[in-house]
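*Asks:* Below: one structure in structure tokens.
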Amino acid sequence: MKRFYKQVSVLPGAAGFCIELDGRSVRTPKKAALAVATETLAEAIAEEWRQQGENIAPQTMPLLRLANTAIDMVAGQRDAVVANLAGFAGTDLLCYRASEPEDLVQRQDRLWSPWLTWAAARYGATLATTDGVSHIAQDDAALAALHTAVDGHDVMELAGLNDLVTIAGSLVLALAVSAGALDVGAAWAAARLDNDYQAERWGLDAEAEAHSTRLRGEFVMAARFLELHRAH
């Protein structure tokens, strides 16, 4: 799509901060009003519009995508989104460990175990671990506690949390990032530990590396979206 506007503005409104293109309010793909809670997030989204060239490239507007997702997709089915994300606790990446080689076992313990301990301390959710990929049942009380933790996020936060959880394959890591307990770079390193280990042993695959780079960008941007949404 050709760029059709010159001026991008942020204005306060009844539902939050809105973005205008040449005086016309931006709307979501489903034609809902695009409004966010903080001026900081609105300005960041507005900057994505300002940075567009002659042609609008939606893939270069990740904050706008997340805001649209929150309004168009999450708001109307919030309970289902919460249940889906909370469900990742039953198969959390951090619970499935290698039994060998020893250096991988040690890396997993170093990068993963502290965050299971954190989840137990913060939420009262003690998750069991196992060697291999065979399913291990988790305690119902732990799963309920993590469901409550997810449910404590608002609609915008759930959109960002969704990317963190699904990309990492770990609800625990995502909650730690959301809570400000874990730096996004360290979270990414933990989430990609197995992949990075295999790359060290067998070498990098160009296609896999490109895919990883794209996912890392989305992961980092989801964390930034949460931060901007909460900024005052």
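In the structure tokens, the first chain shown is A, the next is B, and so on; residue numbers restart at 1 for each chain, and ligands run from 1 in the order shown.
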Tell me which protein, DNA and RNA residues are within 12 Å of Lys30 in chain A, counting only C-alpha atoms, leaving out same-chain ones fewer than 5 positions away, and put them as a compact mmCIF listing (two decimals) with N, CA and C atoms, in the first residue's frame.
*Replies:*
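Here's the written file result.txt:
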```txt
# COMPACT_ATOMS: atom_id res chain seq x y z
N ASN A 68 -3.22 -4.01 17.66
CA ASN A 68 -4.35 -4.50 16.87
C ASN A 68 -4.80 -5.87 17.36
N THR A 69 -3.83 -6.73 17.67
CA THR A 69 -4.15 -8.07 18.16
C THR A 69 -4.91 -8.00 19.47
N ALA A 70 -4.47 -7.11 20.37
CA ALA A 70 -5.14 -6.96 21.65
C ALA A 70 -6.59 -6.54 21.47
N ILE A 71 -6.81 -5.57 20.61
CA ILE A 71 -8.15 -5.00 20.44
C ILE A 71 -9.06 -5.92 19.63
N ASP A 72 -8.53 -6.45 18.52
CA ASP A 72 -9.36 -7.24 17.61
C ASP A 72 -9.51 -8.70 18.02
N MET A 73 -8.46 -9.26 18.62
CA MET A 73 -8.44 -10.70 18.86
C MET A 73 -8.58 -11.08 20.34
N GLY A 76 -12.19 -9.78 22.73
CA GLY A 76 -13.45 -10.49 22.58
C GLY A 76 -13.44 -11.92 23.08
```
*Asks:* Which one is closest to Met1 in chain A: A:Ala37, A:Ala208, A:Ala57, A:Cys18? Count only C-alpha atoms.
*Replies:*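 Nearest candidate to Met1 in chain A out of A:Ala37, A:Ala208, A:Ala57, A:Cys18: A:Ala57.
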*Asks:* Quote the spacing between CA of Gln52 in chain A and CA of Leu215 in chain A in Å to one decimal place.
*Replies:*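 CA of Leu215 in chain A lies at a distance of 21.9 Å from CA of Gln52 in chain A.
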*Asks:* For Gln59 in chain A, please output as JSON, numbers by chain all residues within 12 Å (counting only C-alpha atoms; exclusion window: fewer than 4 positions along the same chain).
*Replies:* {"A": [48, 49, 52, 55, 63, 64, 65, 66, 214, 217, 218]}
*Asks:* Quick one: DSSP strand (DSSP E or B) residues in range 25-136 of chain A, as a PyMOL selection string?
*Replies:* chain A and resi 25+27+33+35-36+55+96-97+130-131
*Asks:* Based on the selection just made, write N, CA and C atoms of those residues as a compact mmCIF listing (two decimals), in the first residue's frame.
*Replies:*
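Wrote out-v4.txt, looks like this:
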```txt
# COMPACT_ATOMS: atom_id res chain seq x y z
N SER A 25 -8.39 9.34 12.49
CA SER A 25 -8.01 8.37 13.51
C SER A 25 -7.67 7.01 12.88
N ARG A 27 -7.60 3.11 12.74
CA ARG A 27 -8.48 2.06 13.22
C ARG A 27 -7.80 0.71 13.01
N ALA A 33 -11.72 1.37 17.02
CA ALA A 33 -10.84 2.50 17.31
C ALA A 33 -9.55 1.99 17.92
N ALA A 35 -6.88 2.63 20.34
CA ALA A 35 -6.59 3.46 21.51
C ALA A 35 -5.78 2.64 22.49
N VAL A 36 -4.74 3.24 23.05
CA VAL A 36 -3.89 2.55 24.01
C VAL A 36 -3.83 3.36 25.30
N ASN A 55 6.09 3.26 0.49
CA ASN A 55 5.13 2.18 0.64
C ASN A 55 5.06 1.75 2.10
N TYR A 96 11.34 -30.08 30.88
CA TYR A 96 11.77 -31.23 30.09
C TYR A 96 13.27 -31.15 29.83
N ARG A 97 14.01 -32.01 30.53
CA ARG A 97 15.46 -31.91 30.58
C ARG A 97 16.15 -33.04 29.80
N THR A 130 11.36 -33.58 34.34
CA THR A 130 11.59 -34.95 33.92
C THR A 130 12.67 -34.98 32.86
N ASP A 131 13.30 -36.13 32.69
CA ASP A 131 14.27 -36.31 31.62
C ASP A 131 13.54 -36.80 30.38
```
*Asks:* Here is a test: counting only C-alpha atoms, which residue of A:Ala206, A:Leu193, A:Ala187, A:Ile56 is nearest to Leu171 in chain A?
*Replies:*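 For Leu171 in chain A, the nearest of the candidates is A:Ala187.
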*Asks:* Extract the full set of helix (DSSP H, G or I) residues from range 127-183 of chain A according to DSSP on the backbone, and format it as a PDB file with C-alpha atoms, in the first residue's frame.
*Replies:*
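Ended up saving to part.pdb:
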```
ATOM      1  CA  ASP A 140      -3.309 -29.068  39.821  1.00  0.00           C
ATOM      2  CA  ALA A 141      -2.649 -26.395  42.447  1.00  0.00           C
ATOM      3  CA  ALA A 142       0.484 -25.253  40.589  1.00  0.00           C
ATOM      4  CA  LEU A 143      -1.437 -25.039  37.319  1.00  0.00           C
ATOM      5  CA  ALA A 144      -4.236 -23.086  38.994  1.00  0.00           C
ATOM      6  CA  ALA A 145      -1.733 -20.649  40.503  1.00  0.00           C
ATOM      7  CA  LEU A 146      -0.152 -19.995  37.125  1.00  0.00           C
ATOM      8  CA  HIS A 147      -3.594 -19.551  35.547  1.00  0.00           C
ATOM      9  CA  THR A 148      -4.252 -16.856  38.147  1.00  0.00           C
ATOM     10  CA  ALA A 149      -0.923 -15.214  37.274  1.00  0.00           C
ATOM     11  CA  VAL A 150      -1.855 -15.062  33.597  1.00  0.00           C
ATOM     12  CA  ASP A 151      -5.346 -13.819  34.438  1.00  0.00           C
ATOM     13  CA  VAL A 155      -5.916  -7.276  27.357  1.00  0.00           C
ATOM     14  CA  MET A 156      -2.899  -5.374  26.027  1.00  0.00           C
ATOM     15  CA  GLU A 157      -0.539  -7.273  28.318  1.00  0.00           C
ATOM     16  CA  LEU A 158      -2.008 -10.578  27.161  1.00  0.00           C
ATOM     17  CA  ALA A 159      -1.163  -9.734  23.549  1.00  0.00           C
ATOM     18  CA  GLY A 160       2.484  -9.218  24.484  1.00  0.00           C
ATOM     19  CA  LEU A 161       2.521 -12.206  26.835  1.00  0.00           C
ATOM     20  CA  ASN A 162       1.111 -14.378  24.064  1.00  0.00           C
ATOM     21  CA  ASP A 163       4.162 -13.769  21.873  1.00  0.00           C
ATOM     22  CA  LEU A 164       6.551 -14.337  24.770  1.00  0.00           C
ATOM     23  CA  VAL A 165       4.912 -17.634  25.726  1.00  0.00           C
ATOM     24  CA  THR A 166       4.425 -19.100  22.282  1.00  0.00           C
ATOM     25  CA  ILE A 167       7.874 -18.170  21.008  1.00  0.00           C
ATOM     26  CA  ALA A 168       9.687 -19.383  24.132  1.00  0.00           C
ATOM     27  CA  LEU A 171       5.020 -19.759  30.479  1.00  0.00           C
ATOM     28  CA  VAL A 172       7.483 -19.450  33.363  1.00  0.00           C
ATOM     29  CA  LEU A 173      10.046 -17.517  31.337  1.00  0.00           C
ATOM     30  CA  ALA A 174       7.312 -15.286  29.893  1.00  0.00           C
ATOM     31  CA  LEU A 175       5.900 -14.486  33.323  1.00  0.00           C
ATOM     32  CA  ALA A 176       9.381 -13.709  34.618  1.00  0.00           C
ATOM     33  CA  VAL A 177       9.903 -11.227  31.772  1.00  0.00           C
ATOM     34  CA  SER A 178       6.452  -9.729  32.341  1.00  0.00           C
TER      35      SER A 178
END
```
*Asks:* Determine, counting only C-alpha atoms, which protein, DNA and RNA residues have an atom within 12 Å of an atom of Asp103 in chain A; residues of the same chain fewer than 4 positions away are not included. Present the result as a list in words.
*Replies:*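 Returned residues: Ala98, Ser99, Arg107, Gln108, Asp109, Arg110, Leu193, Asp194, Tyr197 and Arg201 of chain A.
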